[in-house]
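Novice: I am attaching a structure below and will ask some questions about it afterwards.
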Amino acid sequence: MKLVVCGNHPLDQLVEWTVSKFSDVKSRGDNVQRSLGHPRSAEFLGKVIHIETVNDVHKIDISFPVPDFKAMYRSDPFDHISHFLGYKDEGSIIAYLKQQGWATSLSVGADTAYNYGFYEFTVSVSATPEGLEHYEDILRVVFAYVQMLLSSGPQEWVQQEMASMKKIDFDNRTKSRALVVALGYTHLIHNEYVAPEHVLSKECAYEKFNYDDILHCLSFINPDNFRVFLCAAKHKSTECLEIEPYFSAAYHVGGISADLLRELASNTMHVEGLSLPERNLSIPDDFSIKNTNMLGAAAVLRPTLLKLNDNFELWFKQDDQFSSPKGSISLGIYVPNVNSSPQNNIMSDLYCNMLNSKLLEDLHNFVHAERLRSFKVDDTQLSMHISKYRQNYANIANDPPSQLCAVYKRYITSTSEWHHQLLESELAKITPAKLQAHIDSLFDVTYTKMCMVGNFDEAEALKVADNVQTIIKSTPNLGYNLCQPREYNIEAGYYVYQMQLPNEDSVNSAVHSSIYCGPITDKRETAILEILEALVYDSFFSQLRTKHQLGYKVAALCNIFPVGRSELVLRVEGESNPMYVTLHINKFIHDMQQSLLDMSDEQFTNRVQSLVKQYQEGVKSISHEAGKYSVEVNNGTYDFGKNIAMAKLLQSIIKEELLEFWNKYINPSTAPVYTRVDVQMWSTKIWRPTESDIKTYPVKTLALYGCLHSEGNESLDIGKVDEFITTAIAAHKEHPETSDSADLLLAALKGASLSASGAMYTTGESAERATHTGTSLELAIKEHETFGNYADVSHTNFATIGMDKTPDGLWLMTDYRKFQATQSMYGSELPAEVLVPKYSS
């Protein structure tokens, strides 16, 4: 047994507890199973395996069985090999594949599974559709590079560079959470080869250059010792008829041609354009700290505005807490037409991705900032990226239902989100000439926000800012035209957007309920919502997931956007029909009011103090600090002291304010301007109400009928179900203490409509669904206590734009774009301070 102990007590105390608690644990010796050889024997090699995937992907994995190399951790020969095969500069494998239009990315390395005696070394290629067809050519490129590496032999200077970078990373690593670090060490100390003195510093114990070890490991990367996996949703020339038993994946196993294997094994493999990496000229060697006066001095908790003019802001904060040589520079360049239309959005995004890809080729050299303005579109690269975009858009259909709900909620309420199908339709219109013209004019009008935090001084910050402005050379983009994200100001009402899941194999549906609260400018109400979030999450999960088993994903959270109103979000994903889930959400909202009344002072105080502690925590690293400042700068709020203010505000809130807030915004029976947007994703595997059903019947009827239908009662008439519920509700109102139970009422309904067997339930899954049916009926009977009618909430007749109003007063969206056109928008939040630069421009 190996043990890592983590705690905030003194080390001696931790040792004492560890010895007293674990000394009696008996050792069972070394019982780890070790393989006497690699399980991937010769019969599995020389194969090409075609696999059909759910998502539209094109992936090539070239897999080599290799021996256990844990004992070589001081030289890590496979890391040396991975460096050569996986680097991204000009002349690399991936750079060549991108030039051919065959691949978008590549990763290389041995797996990190808890194996004893064997490993797998894999070259993984994210290919284009054309690249998948050229997998044999990709094999030629990989093995040509391996032969080039063998010819040159292992390079000690590469090992020295890698060792230097590992040591730099170790010496200047960001402080992590103690528990996360401890969990990592529990795995590491089981490596019997790692010396105790290297457990904490294994990553930088990378010192030895062992020429023979590297050659030995490289000998396993050969044409007699590999197999290839080709993964795609469809394979043009291969039919996958075999079915994998655990995940039902279709696949086909074939052999790699003998001619190709002989070609790969020849010593004459050569591909023009491949080359070994050059020395890295940008490895840092100056680790001096600019601020030598930070010890004993109080930390400054905000950046300084050094420079401000018509098109540039420069914010600067020198490190005064971490004594680290690290620094962070964030640069936001605001241009007016980057998101002004779907086509501009997709062309701007294509440009960013193509630019990133090009800059990676200069990763180990000095990056040429001038490429920002002088970028030239390559036809092959554009075609490759467009193909990748189409693939990504197609895969959205297979996203989990709850994730799709969140995506469509943003489509409905945000002005900056374009529907993915709309973006996809623009791809066919983009030509190299059109994209080039867009790029050439993209930076004609700009406003730049720059934030430098860390081991810099003011002179360096000002110099970098001058360089940036010299490179961009643009006309000022005036402040009122910065195109900040906007949110629609949804007017009071209850709105529902429904959609059938595009993935016909999904058995899960989802509901995403967003209940609008106060404006984010009301800091006190924002603080109250944050207190409520944890209380609501625990209760919501307990009631809908643990008690009623409504879904696999159940969550409650608050959304606080840069502009607009805050939201309480209640989200459920599972096999239950969304109408039934909606009944439970409404009941939870009703019951939570009583939970808030019953909450003890201790519960309330503990929640508040937990939040206060979070807001009072200091930044953990330079990157953490820089990220906080950049958010405020980019949002234009400049509220750098908001955490301190929020901690103080939280301590002033009293328990009664939670209930007042709940009744003001969340409880539909008491909220003066109740505003809610539900997004529902329906599985094709369950009954879904028609448009006519939704216009005719209330939610309670649709929920109960859905439960009955899932139980196998397809022949029931929904109109009779509605009549039955109406009668049952009337009886319950008149004699609530003597009304029949939901089970008896259900039996009466089913007895008149089902087969002669009269059986109410069966065993197994149907019994569970029958329980849902009984609960649904009970909720329907008492629904007037928890749900109410929303007919008077909205005062706008949305029927004129094709929206349908339900008997409950809900508005059903059919085309959310028409709904958006009727809504006003929130403006940006006012800055927390007047901007006054330290230096005049």
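Chain labels run A, B, ... following the order of the structure tokens; each chain numbers its residues from 1, and ligands are numbered from 1 in the order shown.
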Write out as a ChimeraX atom specification each polymer residue whose atoms come within 8 Å of Tyr516 of chain A, counting only C-alpha atoms; drop sequence neighbours fewer than 4 positions from it.
Specialist: /A:565-568,665-666,674-676
Novice: Restricted to N, CA, C and O atoms, what would the selected residues look like written as a CSV table (one decimal), in the first residue's frame?
Specialist:
```csv
chain,number,residue,atom,x,y,z
A,565,ARG,N,-30.2,40.6,-17.4
A,565,ARG,CA,-30.7,40.1,-16.1
A,565,ARG,C,-30.1,38.8,-15.7
A,565,ARG,O,-29.7,38.0,-16.6
A,566,SER,N,-30.0,38.5,-14.4
A,566,SER,CA,-29.5,37.3,-14.0
A,566,SER,C,-30.6,36.2,-14.1
A,566,SER,O,-31.8,36.6,-14.2
A,567,GLU,N,-30.2,34.9,-14.1
A,567,GLU,CA,-31.2,33.9,-14.3
A,567,GLU,C,-31.0,32.8,-13.3
A,567,GLU,O,-29.8,32.4,-12.9
A,568,LEU,N,-32.0,32.1,-12.9
A,568,LEU,CA,-32.0,30.8,-12.2
A,568,LEU,C,-32.3,29.8,-13.2
A,568,LEU,O,-33.4,29.8,-13.8
A,665,TYR,N,-39.4,37.0,-7.9
A,665,TYR,CA,-39.0,36.5,-9.3
A,665,TYR,C,-39.3,35.1,-9.6
A,665,TYR,O,-39.6,34.8,-10.7
A,666,ILE,N,-39.1,34.2,-8.6
A,666,ILE,CA,-39.1,32.7,-9.0
A,666,ILE,C,-40.5,32.1,-8.8
A,666,ILE,O,-40.9,31.3,-9.6
A,674,TYR,N,-43.4,37.8,-13.8
A,674,TYR,CA,-42.8,36.5,-13.9
A,674,TYR,C,-42.3,36.3,-15.4
A,674,TYR,O,-43.1,36.5,-16.3
A,675,THR,N,-41.0,36.0,-15.5
A,675,THR,CA,-40.5,35.8,-16.9
A,675,THR,C,-39.7,34.5,-16.9
A,675,THR,O,-38.8,34.3,-16.1
A,676,ARG,N,-40.0,33.7,-17.9
A,676,ARG,CA,-39.4,32.3,-17.9
A,676,ARG,C,-39.3,31.9,-19.4
A,676,ARG,O,-40.3,32.0,-20.1
```
Novice: Give me the residues within 6 Å of segment 439-456 of chain A as a list in words, counting only C-alpha atoms and dropping any in the same chain fewer than 2 places off.
Specialist: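 So the residues in contact are Lys290, Asn311, Phe312, Glu313, Leu314, Trp315, Phe316, Lys317, Gln318, Asp319, Pro325, Lys326, Gly327, Ser328, Ile329, Ser330, Leu331, Gly332, Ile333, Tyr334, Val335, Gln436, Ala437, Ser474, Thr475, Pro476, Asn477 and Ala626 of chain A.
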Novice: Nearest to Lys587 of chain A among A:Leu550, A:Leu830, A:Leu544, A:Leu276, with distances taken over only C-alpha atoms: which residue is it?
Specialist: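 Counting only C-alpha atoms, the residue closest to Lys587 of chain A is A:Leu544.
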Novice: Find the spatial neighbours of Arg607 of chain A, counting only C-alpha atoms, within a cut-off of 10 Å - ignore same-chain residues fewer than 4 positions away - and output them as a CSV table (one decimal) with C-alpha atoms, in the first residue's frame.
Specialist:
```csv
chain,number,residue,atom,x,y,z
A,530,GLU,CA,-25.7,33.4,-5.4
A,531,ILE,CA,-26.7,32.5,-1.9
A,532,LEU,CA,-29.8,30.7,-3.3
A,533,GLU,CA,-27.8,28.8,-5.9
A,534,ALA,CA,-26.2,26.3,-3.6
A,535,LEU,CA,-29.4,25.9,-1.5
A,602,GLU,CA,-27.1,28.0,11.0
A,603,GLN,CA,-27.7,26.8,7.4
A,611,LEU,CA,-19.4,32.5,-0.3
A,612,VAL,CA,-17.7,35.2,1.6
```
Novice: Neighbours of Lys21 of chain A within 12 Å (only C-alpha atoms; same-chain residues fewer than 5 positions away dropped), as a list in words?
Specialist: Leu3, Val5, Leu14, Val15 and Glu16 of chain A
Novice: Suppose you want the space between atom CA of Glu156 of chain A and atom CA of Ser105 of chain A; what is it in Å?
Specialist: 27.2 Å
Novice: For Glu573 of chain A, which residue out of A:Asp379, A:Thr292, A:Tyr96, A:Ala406 is the nearest one, using only C-alpha atoms?
Specialist: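 Closest residue, counting only C-alpha atoms: A:Ala406.
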Novice: Which polymer residues have any atom within 10 Å of an atom of Glu192 of chain A, counting only C-alpha atoms, with same-chain residues fewer than 4 positions away left out, as a VMD selection string?
Specialist: chain A and resid 70 to 71 188 196
Novice: Please give the complete set of residues from segment 430-560 of chain A that DSSP, run on the backbone, assigns to helix (DSSP H, G or I), formatted as a ChimeraX atom specification.
Specialist: /A:432-442,458-472,479-481,523-547
Novice: Quick one: pull the distance between atom CA of Val569 of chain A and atom CA of Ser513 of chain A, Å, one decimal.
Specialist: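 So the answer is 5.5 Å.
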Novice: Kindly indicate which residue among A:Ala461, A:Leu281, A:Leu11, A:Ile346 lies nearest to Ser425 of chain A, using only C-alpha atoms for the distances.
Specialist: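 Going through A:Ala461, A:Leu281, A:Leu11, A:Ile346 one by one, the smallest distance to Ser425 of chain A is for A:Ile346.
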